[in-house]
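In what follows, a structure is listed as structure tokens, so that the remarks can point back to it.
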Amino acid sequence: MVKKEITSPAKLKKELEEAKAELVSRNKKLKLSVKTEAKKKVDKKKAEAKKKVDKKKAVAKKKAEAKKKVDKKKAEAKKKEEAKKKAEEAKKKEEEAKKKEEEAKRTYEEELEEQLTEDEIKNFAIDKTDMDKLVNRVTEMIASYATNGILQNILWRKLKLSSRDGSRLALKLEKLGNITREKILENGRWTYLLLIKKIPISTISIENAPCLVCPVEGKCSTDGEISPKTCVYIEDWVLAELKTKKRHETN
Ligand code: SF4
């Protein structure tokens, strides 16, 4: 510290005032500096807080936009679904209307049934054809389709019959009690599924049965030494019948 020589009270007073003024000035500067620092810190904190808020806002905005997009897609999908549903309903209605229209249509067979008497149907015959044989053959063919049945047009094609004769034959077979006919809609047209009801006994196969001409028929019994269970004639006959039946089916 520099020692100053005090030469008079006035000078001392002046010195003191100067020192006081400097102190006040320093103090002011210090206070200002502290305030500035504090303000800077507060401003920094505020800026950081604002930044965080802005960031949150940006994330929220992004989320809102993404949600908007999802909602839009959902709305579009819903619209599409509704349009599809409407189209399906319209198609269904159209199909139902078509079906009703078809159902209202009468088949050729239904007309025949009205026009012909029962006897006319039962006595239906095709020129130069053994009708008993044909009835048996067709019935056996229908029987081979068991519970699945066969569409009449397919059967007539196999037998090379016209649909006129085929329809009359189907009616005859039904009246004879050999088959049943089920009216079904096939490819937009009414037709009949033919199903077996009673399998005919083929007179031809009975004629060929080995037992009718068997020399040991009197000694034959199910539990005897001579028996249908071990009979080779019966076995051959059954195999031959099966082959004949298969041949009819493929024809
Ligand atoms: S089953 Fe054979 S052995 Fe018996 S009667 Fe018939 S053919 Fe003759």
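Please note that chains go A, B, ... in the order of the structure tokens, that every chain numbers its residues from 1, and that ligands are numbered from 1 in the order shown.
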> So which residues of range 2-235 of chain A fall under strand (DSSP E or B) by DSSP, listed as a list of chain:residue names?
Replying inline: A:Ile150, A:Leu151, A:Ile179, A:Thr180, A:Arg181, A:Glu182, A:Lys183, A:Ile184, A:Leu185, A:Glu186, A:Arg189, A:Trp190, A:Thr191, A:Tyr192, A:Leu193, A:Leu194, A:Leu195, A:Ile196, A:Cys220, A:Ile226
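Within 12 Å of range 155-162 of chain A, once only C-alpha atoms are used and residues closer than 4 positions along the same chain are dropped, the contacting residues are Ile126, Thr129, Leu134, Val135, Arg137, Val138, Thr139, Glu140, Met141, Ile142, Ser144, Tyr145, Gly149, Ile150, Leu151, Gly166, Ser167, Arg168, Leu169, Ala170, Tyr192, Leu193, Leu194, Leu195, His248, Glu249, Thr250 and Asn251 of chain A.
Considering only C-alpha atoms and all ligand atoms, every residue of the polymer chains approaching ligand 1 to 10 Å or closer is listed here: A:Ala209, A:Pro210, A:Cys211, A:Leu212, A:Val213, A:Cys214, A:Pro215, A:Val216, A:Glu217, A:Gly218, A:Lys219, A:Cys220, A:Ser221, A:Thr222, A:Gly224, A:Glu225, A:Ile226, A:Ser227, A:Pro228, A:Lys229, A:Thr230, A:Cys231, A:Val232, A:Tyr233, A:Ile234, A:Glu235, A:Asp236, A:Trp237.
Residue nearest Lys172 in chain A within the list A:Asn208, A:Lys122, A:Ala146, A:Met131: A:Lys122 [criterion: smallest interatomic distance, only C-alpha atoms].
Distances to Thr117 in chain A were evaluated for A:Lys175, A:Lys99, A:Arg164, A:Lys63 using only C-alpha atoms, and the minimum falls at A:Lys175.
Using only C-alpha atoms, the nearest neighbour of Asn148 in chain A within the list A:Glu182, A:Glu82, A:Asp223, A:Asp130 is A:Glu182.
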> Per DSSP on the backbone, what are the alpha helix (DSSP H) residues of range 33-213 of chain A, as a VMD selection string?
Replying inline: chain A and resid 33 to 104 108 to 115 118 to 122 131 to 144 152 to 159 163 to 175 203 to 207
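Going from CA of Thr147 in chain A to CA of Leu173 in chain A covers 16.6 Å.
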